[in-house]
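Participant: Got a file for you: run05.cif, mmCIF, C-alpha atoms.
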```
data_final
loop_
_atom_site.label_atom_id
_atom_site.label_comp_id
_atom_site.auth_asym_id
_atom_site.auth_seq_id
_atom_site.Cartn_x
_atom_site.Cartn_y
_atom_site.Cartn_z
CA MET A 1 -77.42 150.72 -40.70
CA ASN A 2 -79.58 148.10 -39.04
CA GLU A 3 -77.29 145.35 -40.31
CA LEU A 4 -74.27 147.25 -38.98
CA VAL A 5 -75.89 147.63 -35.55
CA LYS A 6 -76.90 143.98 -35.57
CA THR A 7 -73.36 142.90 -36.44
CA ALA A 8 -71.92 145.13 -33.71
CA CYS A 9 -74.34 143.72 -31.12
CA THR A 10 -73.53 140.16 -32.16
CA PHE A 11 -69.82 140.90 -31.83
CA VAL A 12 -70.16 142.51 -28.40
CA THR A 13 -72.33 139.72 -27.03
CA SER A 14 -70.17 136.89 -28.40
CA SER A 15 -67.44 135.33 -26.29
CA ILE A 16 -64.65 136.08 -28.76
CA GLY A 17 -65.93 139.63 -29.24
CA ARG A 18 -65.83 140.32 -25.53
CA LYS A 19 -62.36 138.78 -25.26
CA ILE A 20 -61.12 141.11 -27.99
CA ILE A 21 -62.67 144.10 -26.20
CA VAL A 22 -60.99 143.01 -22.96
CA ALA A 23 -57.67 142.77 -24.82
CA LEU A 24 -58.03 146.20 -26.44
CA THR A 25 -59.10 147.94 -23.24
CA GLY A 26 -56.29 146.13 -21.43
CA ALA A 27 -53.78 147.36 -24.00
CA SER A 28 -55.02 150.93 -23.51
CA LEU A 29 -54.56 150.64 -19.75
CA VAL A 30 -51.11 149.10 -20.20
CA LEU A 31 -50.02 152.10 -22.28
CA PHE A 32 -51.54 154.49 -19.73
CA LEU A 33 -49.58 152.83 -16.92
CA ALA A 34 -46.31 153.38 -18.80
CA GLY A 35 -47.08 157.07 -19.24
CA HIS A 36 -48.24 157.42 -15.64
CA LEU A 37 -45.00 155.85 -14.41
CA VAL A 38 -42.90 158.33 -16.39
CA GLY A 39 -44.78 161.17 -14.72
CA ASN A 40 -44.40 159.63 -11.26
CA LEU A 41 -40.64 159.18 -11.64
CA LEU A 42 -40.24 162.95 -11.96
CA ILE A 43 -40.48 162.91 -8.16
CA TYR A 44 -36.78 161.96 -8.13
CA GLY A 45 -35.82 165.34 -9.58
CA ASP A 46 -36.23 168.85 -8.28
CA PRO A 47 -39.74 169.53 -6.90
CA SER A 48 -40.31 171.92 -9.80
CA LEU A 49 -40.21 169.00 -12.29
CA ILE A 50 -43.21 167.05 -11.05
CA ASN A 51 -45.05 170.25 -10.12
CA THR A 52 -44.54 171.58 -13.66
CA TYR A 53 -45.86 168.28 -15.03
CA ALA A 54 -48.91 168.39 -12.75
CA HIS A 55 -49.52 172.08 -13.47
CA GLY A 56 -49.44 171.35 -17.20
CA LEU A 57 -52.04 168.60 -16.84
CA HIS A 58 -54.38 170.74 -14.77
CA SER A 59 -53.92 173.71 -17.11
CA MET A 60 -55.63 171.76 -19.88
CA PRO A 61 -59.17 172.86 -20.80
CA ALA A 62 -61.58 171.36 -18.28
CA ALA A 63 -63.52 169.59 -21.02
CA ALA A 64 -60.37 167.90 -22.32
CA LEU A 65 -59.11 166.93 -18.87
CA TRP A 66 -62.44 165.48 -17.77
CA GLY A 67 -62.87 163.84 -21.15
CA ILE A 68 -59.61 161.95 -20.61
CA ARG A 69 -60.56 161.04 -17.04
CA ILE A 70 -64.02 159.81 -17.98
CA GLY A 71 -62.64 157.98 -21.01
CA LEU A 72 -60.12 156.12 -18.87
CA LEU A 73 -62.82 155.33 -16.32
CA VAL A 74 -65.12 153.91 -19.00
CA ILE A 75 -62.29 151.81 -20.47
CA PHE A 76 -61.40 150.55 -17.00
CA LEU A 77 -65.00 149.66 -16.10
CA ILE A 78 -65.58 147.88 -19.41
CA HIS A 79 -62.37 145.92 -18.90
CA VAL A 80 -63.28 144.91 -15.33
CA CYS A 81 -66.93 144.06 -16.03
CA LEU A 82 -66.24 141.95 -19.12
CA THR A 83 -63.33 140.18 -17.44
CA ILE A 84 -65.54 139.18 -14.50
CA GLN A 85 -68.33 138.13 -16.85
CA LEU A 86 -66.03 135.94 -18.94
CA LYS A 87 -64.47 134.43 -15.84
CA LEU A 88 -67.87 133.48 -14.41
CA GLU A 89 -69.01 132.03 -17.74
CA ASN A 90 -65.85 129.93 -18.04
CA LYS A 91 -66.30 128.65 -14.50
CA ALA A 92 -69.94 127.75 -15.18
CA ALA A 93 -69.03 125.98 -18.43
CA ARG A 94 -66.28 124.01 -16.72
CA GLY A 95 -68.58 122.84 -13.93
CA ASN A 96 -67.34 119.79 -12.04
CA ASP A 97 -65.57 118.15 -14.94
CA PRO A 98 -62.42 116.63 -13.36
CA TYR A 99 -60.48 116.86 -16.63
CA GLN A 100 -61.17 120.57 -16.88
CA TYR A 101 -60.21 120.99 -13.25
CA GLN A 102 -56.88 119.27 -13.77
CA SER A 103 -56.13 121.50 -16.74
CA THR A 104 -56.26 124.57 -14.52
CA ILE A 105 -53.51 123.18 -12.29
CA ALA A 106 -50.98 123.84 -15.02
CA ALA A 107 -52.04 127.46 -15.35
CA THR A 108 -49.83 130.11 -13.81
CA ILE A 109 -50.79 131.61 -10.46
CA SER A 110 -51.22 134.96 -12.21
CA SER A 111 -53.79 133.61 -14.66
CA ARG A 112 -55.72 131.58 -12.08
CA TYR A 113 -56.13 134.55 -9.74
CA MET A 114 -56.49 137.22 -12.42
CA ILE A 115 -59.92 138.34 -11.23
CA TYR A 116 -58.77 138.67 -7.60
CA SER A 117 -55.65 140.67 -8.41
CA GLY A 118 -57.78 142.91 -10.64
CA LEU A 119 -60.35 143.54 -7.90
CA THR A 120 -57.56 144.35 -5.43
CA VAL A 121 -56.17 146.90 -7.86
CA LEU A 122 -59.69 148.32 -8.30
CA VAL A 123 -60.07 148.88 -4.54
CA PHE A 124 -56.65 150.51 -4.43
CA LEU A 125 -57.48 152.72 -7.42
CA VAL A 126 -60.52 154.15 -5.63
CA TYR A 127 -58.34 154.94 -2.60
CA HIS A 128 -55.57 156.36 -4.81
CA LEU A 129 -58.00 158.69 -6.61
CA LEU A 130 -59.43 159.92 -3.32
CA GLN A 131 -55.93 160.61 -2.05
CA TYR A 132 -54.25 162.20 -5.08
CA THR A 133 -57.02 163.37 -7.42
CA VAL A 134 -59.89 164.34 -5.14
CA ARG A 135 -57.31 165.16 -2.41
CA ALA A 136 -59.76 164.23 0.31
CA GLY A 137 -58.82 165.55 3.75
CA LEU A 138 -56.03 167.82 2.49
CA ASP A 139 -55.97 171.54 3.21
CA PRO A 140 -55.05 173.44 0.00
CA ALA A 141 -53.38 176.14 2.10
CA ASN A 142 -50.72 173.62 3.16
CA PHE A 143 -49.88 172.56 -0.40
CA VAL A 144 -49.08 175.76 -2.25
CA TYR A 145 -46.00 175.75 -4.47
CA THR A 146 -44.61 178.90 -6.07
CA PHE A 147 -42.24 178.51 -8.99
CA GLU A 148 -38.89 180.26 -8.53
CA ALA A 149 -37.79 183.30 -10.49
CA THR A 150 -35.49 181.20 -12.70
CA HIS A 151 -38.36 178.97 -13.82
CA ALA A 152 -40.44 179.58 -16.94
CA LEU A 153 -43.52 179.78 -14.68
CA ALA A 154 -41.83 182.20 -12.28
CA GLY A 155 -44.20 183.42 -9.57
CA VAL A 156 -47.05 181.08 -10.58
CA GLU A 157 -48.69 179.26 -7.69
CA THR A 158 -49.79 175.66 -8.10
CA TRP A 159 -50.64 172.60 -6.01
CA ASP A 160 -47.48 171.13 -4.45
CA VAL A 161 -47.68 167.57 -5.76
CA HIS A 162 -44.14 166.83 -4.61
CA LYS A 163 -45.00 167.63 -0.99
CA MET A 164 -48.29 165.74 -1.23
CA ILE A 165 -46.54 162.57 -2.42
CA VAL A 166 -43.80 162.79 0.21
CA GLU A 167 -46.24 163.37 3.06
CA GLY A 168 -48.56 160.63 1.82
CA PHE A 169 -45.88 157.96 1.55
CA SER A 170 -44.26 158.98 4.83
CA ASN A 171 -47.09 157.00 6.41
CA VAL A 172 -45.91 153.39 6.63
CA TRP A 173 -49.45 152.01 6.34
CA VAL A 174 -50.19 154.03 3.20
CA SER A 175 -46.91 152.93 1.63
CA GLY A 176 -47.55 149.33 2.66
CA PHE A 177 -51.00 149.29 1.06
CA TYR A 178 -49.58 150.92 -2.07
CA ILE A 179 -46.80 148.33 -2.36
CA LEU A 180 -49.26 145.45 -1.82
CA ALA A 181 -51.53 146.80 -4.56
CA VAL A 182 -48.61 147.16 -6.97
CA ILE A 183 -47.56 143.56 -6.26
CA MET A 184 -51.11 142.53 -7.21
CA LEU A 185 -50.77 144.72 -10.29
CA PHE A 186 -47.60 142.84 -11.25
CA SER A 187 -49.49 139.55 -11.06
CA HIS A 188 -52.26 141.00 -13.22
CA LEU A 189 -49.93 142.53 -15.80
CA ARG A 190 -47.72 139.47 -16.02
CA HIS A 191 -50.62 137.42 -17.37
CA GLY A 192 -52.59 140.27 -18.93
CA VAL A 193 -49.90 141.53 -21.32
CA GLN A 194 -49.25 138.02 -22.62
CA SER A 195 -53.00 137.45 -23.01
CA ILE A 196 -53.35 140.59 -25.15
CA PHE A 197 -51.03 139.14 -27.80
CA GLN A 198 -52.77 135.78 -27.65
CA THR A 199 -56.31 137.17 -27.92
CA LEU A 200 -55.42 139.48 -30.81
CA GLY A 201 -53.89 136.59 -32.74
CA LEU A 202 -50.32 137.86 -32.42
CA ASN A 203 -49.14 134.72 -30.70
CA SER A 204 -47.64 131.45 -31.91
CA LYS A 205 -45.62 128.58 -30.45
CA LYS A 206 -42.38 130.03 -31.82
CA ILE A 207 -42.76 133.54 -30.45
CA ARG A 208 -44.83 132.70 -27.35
CA PRO A 209 -41.73 132.50 -25.11
CA PHE A 210 -40.73 135.99 -26.29
CA TYR A 211 -44.15 137.43 -25.43
CA ASN A 212 -44.06 135.72 -22.05
CA LEU A 213 -40.66 137.26 -21.36
CA LEU A 214 -41.88 140.64 -22.62
CA ALA A 215 -44.88 140.47 -20.29
CA ILE A 216 -42.71 139.64 -17.28
CA CYS A 217 -40.17 142.38 -18.09
CA TYR A 218 -42.84 145.01 -18.67
CA ALA A 219 -44.69 144.12 -15.46
CA ALA A 220 -41.43 144.09 -13.49
CA VAL A 221 -40.19 147.45 -14.81
CA VAL A 222 -43.53 149.20 -14.29
CA CYS A 223 -44.18 147.76 -10.84
CA LEU A 224 -40.64 148.23 -9.53
CA GLY A 225 -40.81 151.81 -10.78
CA PHE A 226 -44.01 152.47 -8.86
CA ILE A 227 -42.80 150.68 -5.72
CA SER A 228 -39.51 152.60 -5.74
CA VAL A 229 -41.29 155.87 -4.91
CA PRO A 230 -42.77 154.96 -1.48
CA VAL A 231 -39.60 153.01 -0.62
CA ALA A 232 -37.44 156.03 -1.48
CA VAL A 233 -39.66 158.28 0.64
CA LEU A 234 -39.52 155.93 3.64
CA LEU A 235 -35.72 155.67 3.30
CA GLY A 236 -35.37 159.44 3.16
CA ILE A 237 -34.02 159.45 -0.39
CA ILE A 238 -36.92 161.61 -1.54
CA LYS A 239 -37.63 164.47 0.85
#
```
Output the file's structure as structure tokens, nothing else.
Facilitator:
Amino acid sequence: MNELVKTACTFVTSSIGRKIIVALTGASLVLFLAGHLVGNLLIYGDPSLINTYAHGLHSMPAAALWGIRIGLLVIFLIHVCLTIQLKLENKAARGNDPYQYQSTIAATISSRYMIYSGLTVLVFLVYHLLQYTVRAGLDPANFVYTFEATHALAGVETWDVHKMIVEGFSNVWVSGFYILAVIMLFSHLRHGVQSIFQTLGLNSKKIRPFYNLLAICYAAVVCLGFISVPVAVLLGIIK
């Protein structure tokens, strides 16, 4: 057991070990984003669709729901903290070496500003959770939704997520901040998804262009999907 613990500690404290952890936690967050987008896009249907989805999530046992939330939070914090740590270590190791400096010029903008785009997304995430999870400043009495008689949950009252989203994004400043954060997310994902394959040894010169294209396509689809919601609300498409 002691040897196992020692090996685990060595792995976690090594540079390659931390890079692998960053890649794995990043992959988990990438998959979560895809699922979260699918849920968000239900806003384009009848209000009962997204309210049924939200009701189902909040009908889960409290322990399970909070377990998922805390698990995602831990994964996110580990990802952020290790990414910052590795970035600072790489910067310190590079120092003032002009050759090393020149090598960074060829790097993509996404990779060079990875830490900044990530921190921007972190600030937005805190705001987003306060707005849609904690529901700070919202009066529950104004967001009651009752499922119609033809629905499987006929007569059941739940939180009106559809109305909350529409009212939230009707504010130009809120929508603008959301869109800016998602643009930063695109920059982060564009480099991050490609880096996952590279760190986990699933990359090579032959298939690298494919993974680069996959990263761009994934980031574009996810981010355009998220951005479409506030834009549709502001244009009156979603009411």
Participant: Quick one: distance from atom CA of A:Ser14 to atom CA of A:Leu77 in Å, one decimal?
Facilitator: 18.5 Å
Participant: Nearest residue to A:Ile50 out of A:Tyr145, A:Tyr127, A:Phe177, A:Trp66, using only C-alpha atoms?
Facilitator: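 Closest residue, counting only C-alpha atoms: A:Tyr145.
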Participant: Could you give me, as number ranges by chain, the residues within 10 Å of A:Gly26, counting all atoms listed in the file and dropping anything in the same chain fewer than 4 positions from it?
Facilitator: A: 20-22, 30-32, 75-76, 78-80, 189, 192-193, 195-196
Participant: Take the PyMOL selection byres ((chain A and resi 128-140) around 9), apply it to the structure above, and return the hits as a list in words.
Facilitator: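 After applying the PyMOL selection byres ((chain A and resi 128-140) around 9), what remains is Val123, Phe124, Leu125, Val126, Tyr127, Ala141, Asn142, Phe143, Val144, Trp159, Val161, Met164, Ile165, Gly168 and Tyr178 of chain A.
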Participant: For A:Val172, list every protein, DNA or RNA residue within 9 Å, evaluated using all atoms listed in the file, and leave out those in the same chain fewer than 3 positions away; present the list as a tab-separated table (two decimals) with C-alpha atoms, in the coordinates of the input.
Facilitator:
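Dumped to around.tsv:
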```tsv
chain	number	residue	atom	x	y	z
A	169	PHE	CA	-45.88	157.96	1.55
A	175	SER	CA	-46.91	152.93	1.63
A	176	GLY	CA	-47.55	149.33	2.66
A	177	PHE	CA	-51.00	149.29	1.06
A	230	PRO	CA	-42.77	154.96	-1.48
A	234	LEU	CA	-39.52	155.93	3.64
```
Participant: Just checking: using all atoms listed in the file, which residue out of A:Ile43, A:Leu73, A:Val156, A:Leu200 ends up closest to A:Gly225?
Facilitator: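 Going through A:Ile43, A:Leu73, A:Val156, A:Leu200 one by one, the smallest distance to A:Gly225 is for A:Ile43.
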Participant: Report as a PDB file with C-alpha atoms, in the frame of the given file all protein, DNA and RNA residues lying within 12 Å of A:Val221, evaluated on only C-alpha atoms, omitting residues in the same chain fewer than 6 positions from it.
Facilitator:
```pdb
ATOM      1  CA  LEU A  33     -49.580 152.830 -16.920  1.00  0.00           C
ATOM      2  CA  ALA A  34     -46.310 153.380 -18.800  1.00  0.00           C
ATOM      3  CA  LEU A  37     -45.000 155.850 -14.410  1.00  0.00           C
ATOM      4  CA  VAL A  38     -42.900 158.330 -16.390  1.00  0.00           C
ATOM      5  CA  VAL A 182     -48.610 147.160  -6.970  1.00  0.00           C
ATOM      6  CA  ILE A 183     -47.560 143.560  -6.260  1.00  0.00           C
ATOM      7  CA  LEU A 185     -50.770 144.720 -10.290  1.00  0.00           C
ATOM      8  CA  PHE A 186     -47.600 142.840 -11.250  1.00  0.00           C
ATOM      9  CA  LEU A 189     -49.930 142.530 -15.800  1.00  0.00           C
ATOM     10  CA  ARG A 190     -47.720 139.470 -16.020  1.00  0.00           C
ATOM     11  CA  LEU A 214     -41.880 140.640 -22.620  1.00  0.00           C
ATOM     12  CA  ALA A 215     -44.880 140.470 -20.290  1.00  0.00           C
ATOM     13  CA  ILE A 227     -42.800 150.680  -5.720  1.00  0.00           C
ATOM     14  CA  SER A 228     -39.510 152.600  -5.740  1.00  0.00           C
TER      15      SER A 228
END
```
Participant: Please measure the separation of atom CA of A:Pro47 and atom CA of A:Val174, giving the value in Å to one decimal.
Facilitator: 21.2 Å
Participant: What is the distance between atom CA of A:Gly39 and atom CA of A:Ile237, in Å to one decimal?
Facilitator: 18.0 Å
Participant: Ranking A:Ser170, A:Arg18, A:Ala219, A:Gly201 by minimum distance to A:Cys81 and counting all atoms listed in the file, which one comes first?
Facilitator: A:Arg18
Participant: Select, from A:Ala27, A:Val229, A:Ile216, A:Lys6, the residue with the minimum atom-to-atom distance to A:Thr199, counting only C-alpha atoms.
Facilitator: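 Closest to A:Thr199 of all the choices is A:Ala27.
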Participant: Would you mind listing what lies within 9 Å of A:His151 as an MDAnalysis selection string, with all atoms listed in the file counted and same-chain residues fewer than 4 positions away left out?
Facilitator: chainID A and resid 48 147 155
Participant: Only C-alpha atoms, please: the residues just picked out, written as a short mmCIF file (atom, residue, chain, number, x, y, z; two decimals), in the frame of the given file.
Facilitator:
```
data_model
loop_
_atom_site.label_atom_id
_atom_site.label_comp_id
_atom_site.auth_asym_id
_atom_site.auth_seq_id
_atom_site.Cartn_x
_atom_site.Cartn_y
_atom_site.Cartn_z
CA SER A 48 -40.31 171.92 -9.80
CA PHE A 147 -42.24 178.51 -8.99
CA GLY A 155 -44.20 183.42 -9.57
#
```
Participant: Hey, which of A:Asn2, A:Asn171, A:Ser15, A:Thr150 ends up closest to A:Asn90? Count all atoms listed in the file.
Facilitator: A:Ser15
Participant: Determine the nearest neighbour of A:Ala23 from the options A:Leu82, A:Leu224, A:Ile238, A:Met184, counting only C-alpha atoms.
Facilitator: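 Closest residue, counting only C-alpha atoms: A:Leu82.
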Participant: At a cut-off of 12 Å around the point (-47.9, 167.3, -15.6) (file coordinates), what residues fall inside when counting only C-alpha atoms? I'd like the answer as a list in words.
Facilitator: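 Checked against the point, the hits come out as Gly35, His36, Leu37, Val38, Gly39, Asn40, Leu41, Leu42, Ile43, Ser48, Leu49, Ile50, Asn51, Thr52, Tyr53, Ala54, His55, Gly56, Leu57, His58, Ser59, Met60, Leu65, Thr158, Trp159, Asp160, Val161 and His162 of chain A.
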Participant: Mind dumping the selected residues with C-alpha atoms as a PDB file, in the frame of the given file?
Facilitator:
```pdb
ATOM      1  CA  GLY A  35     -47.080 157.070 -19.240  1.00  0.00           C
ATOM      2  CA  HIS A  36     -48.240 157.420 -15.640  1.00  0.00           C
ATOM      3  CA  LEU A  37     -45.000 155.850 -14.410  1.00  0.00           C
ATOM      4  CA  VAL A  38     -42.900 158.330 -16.390  1.00  0.00           C
ATOM      5  CA  GLY A  39     -44.780 161.170 -14.720  1.00  0.00           C
ATOM      6  CA  ASN A  40     -44.400 159.630 -11.260  1.00  0.00           C
ATOM      7  CA  LEU A  41     -40.640 159.180 -11.640  1.00  0.00           C
ATOM      8  CA  LEU A  42     -40.240 162.950 -11.960  1.00  0.00           C
ATOM      9  CA  ILE A  43     -40.480 162.910  -8.160  1.00  0.00           C
ATOM     10  CA  SER A  48     -40.310 171.920  -9.800  1.00  0.00           C
ATOM     11  CA  LEU A  49     -40.210 169.000 -12.290  1.00  0.00           C
ATOM     12  CA  ILE A  50     -43.210 167.050 -11.050  1.00  0.00           C
ATOM     13  CA  ASN A  51     -45.050 170.250 -10.120  1.00  0.00           C
ATOM     14  CA  THR A  52     -44.540 171.580 -13.660  1.00  0.00           C
ATOM     15  CA  TYR A  53     -45.860 168.280 -15.030  1.00  0.00           C
ATOM     16  CA  ALA A  54     -48.910 168.390 -12.750  1.00  0.00           C
ATOM     17  CA  HIS A  55     -49.520 172.080 -13.470  1.00  0.00           C
ATOM     18  CA  GLY A  56     -49.440 171.350 -17.200  1.00  0.00           C
ATOM     19  CA  LEU A  57     -52.040 168.600 -16.840  1.00  0.00           C
ATOM     20  CA  HIS A  58     -54.380 170.740 -14.770  1.00  0.00           C
ATOM     21  CA  SER A  59     -53.920 173.710 -17.110  1.00  0.00           C
ATOM     22  CA  MET A  60     -55.630 171.760 -19.880  1.00  0.00           C
ATOM     23  CA  LEU A  65     -59.110 166.930 -18.870  1.00  0.00           C
ATOM     24  CA  THR A 158     -49.790 175.660  -8.100  1.00  0.00           C
ATOM     25  CA  TRP A 159     -50.640 172.600  -6.010  1.00  0.00           C
ATOM     26  CA  ASP A 160     -47.480 171.130  -4.450  1.00  0.00           C
ATOM     27  CA  VAL A 161     -47.680 167.570  -5.760  1.00  0.00           C
ATOM     28  CA  HIS A 162     -44.140 166.830  -4.610  1.00  0.00           C
TER      29      HIS A 162
END
```
Participant: Pull stretch 127-142 of chain A out of the block and emit N, CA, C and O atoms, as an mmCIF file, in the first residue's frame.
Facilitator:
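Wrote out-v2.cif, looks like this:
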```
data_model
loop_
_atom_site.group_PDB
_atom_site.id
_atom_site.type_symbol
_atom_site.label_atom_id
_atom_site.label_comp_id
_atom_site.auth_asym_id
_atom_site.auth_seq_id
_atom_site.Cartn_x
_atom_site.Cartn_y
_atom_site.Cartn_z
ATOM 1 N N TYR A 127 -20.684 33.759 -12.340
ATOM 2 C CA TYR A 127 -21.857 34.596 -12.610
ATOM 3 C C TYR A 127 -23.027 33.739 -13.099
ATOM 4 O O TYR A 127 -24.175 33.919 -12.679
ATOM 5 N N HIS A 128 -22.733 32.804 -13.995
ATOM 6 C CA HIS A 128 -23.759 31.938 -14.582
ATOM 7 C C HIS A 128 -24.437 31.077 -13.507
ATOM 8 O O HIS A 128 -25.659 30.890 -13.522
ATOM 9 N N LEU A 129 -23.645 30.564 -12.575
ATOM 10 C CA LEU A 129 -24.202 29.749 -11.492
ATOM 11 C C LEU A 129 -25.080 30.584 -10.565
ATOM 12 O O LEU A 129 -26.135 30.136 -10.112
ATOM 13 N N LEU A 130 -24.638 31.798 -10.284
ATOM 14 C CA LEU A 130 -25.440 32.693 -9.446
ATOM 15 C C LEU A 130 -26.769 33.013 -10.117
ATOM 16 O O LEU A 130 -27.818 33.110 -9.452
ATOM 17 N N GLN A 131 -26.735 33.159 -11.436
ATOM 18 C CA GLN A 131 -27.934 33.536 -12.170
ATOM 19 C C GLN A 131 -28.901 32.376 -12.366
ATOM 20 O O GLN A 131 -30.110 32.529 -12.167
ATOM 21 N N TYR A 132 -28.400 31.200 -12.762
ATOM 22 C CA TYR A 132 -29.285 30.111 -13.151
ATOM 23 C C TYR A 132 -29.352 28.923 -12.192
ATOM 24 O O TYR A 132 -30.254 28.106 -12.293
ATOM 25 N N THR A 133 -28.391 28.811 -11.289
ATOM 26 C CA THR A 133 -28.445 27.711 -10.316
ATOM 27 C C THR A 133 -28.871 28.217 -8.945
ATOM 28 O O THR A 133 -29.820 27.704 -8.346
ATOM 29 N N VAL A 134 -28.179 29.228 -8.448
ATOM 30 C CA VAL A 134 -28.558 29.834 -7.168
ATOM 31 C C VAL A 134 -29.800 30.697 -7.348
ATOM 32 O O VAL A 134 -30.593 30.877 -6.428
ATOM 33 N N ARG A 135 -29.977 31.258 -8.573
ATOM 34 C CA ARG A 135 -31.120 32.107 -8.919
ATOM 35 C C ARG A 135 -31.186 33.336 -8.028
ATOM 36 O O ARG A 135 -32.250 33.720 -7.526
ATOM 37 N N ALA A 136 -30.008 33.938 -7.833
ATOM 38 C CA ALA A 136 -29.908 35.117 -6.976
ATOM 39 C C ALA A 136 -30.756 36.261 -7.520
ATOM 40 O O ALA A 136 -30.719 36.573 -8.711
ATOM 41 N N GLY A 137 -31.528 36.880 -6.630
ATOM 42 C CA GLY A 137 -32.327 38.042 -7.002
ATOM 43 C C GLY A 137 -33.634 37.730 -7.703
ATOM 44 O O GLY A 137 -34.358 38.650 -8.102
ATOM 45 N N LEU A 138 -33.967 36.459 -7.866
ATOM 46 C CA LEU A 138 -35.206 36.084 -8.545
ATOM 47 C C LEU A 138 -36.275 35.675 -7.531
ATOM 48 O O LEU A 138 -35.997 34.945 -6.578
ATOM 49 N N ASP A 139 -37.483 36.149 -7.757
ATOM 50 C CA ASP A 139 -38.608 35.827 -6.876
ATOM 51 C C ASP A 139 -39.274 34.552 -7.382
ATOM 52 O O ASP A 139 -39.831 34.539 -8.495
ATOM 53 N N PRO A 140 -39.246 33.465 -6.611
ATOM 54 C CA PRO A 140 -39.834 32.190 -7.052
ATOM 55 C C PRO A 140 -41.296 32.323 -7.478
ATOM 56 O O PRO A 140 -41.764 31.595 -8.358
ATOM 57 N N ALA A 141 -42.003 33.261 -6.873
ATOM 58 C CA ALA A 141 -43.426 33.432 -7.193
ATOM 59 C C ALA A 141 -43.643 33.862 -8.641
ATOM 60 O O ALA A 141 -44.713 33.618 -9.224
ATOM 61 N N ASN A 142 -42.629 34.476 -9.244
ATOM 62 C CA ASN A 142 -42.739 34.942 -10.630
ATOM 63 C C ASN A 142 -42.293 33.908 -11.644
ATOM 64 O O ASN A 142 -42.345 34.165 -12.855
#
```
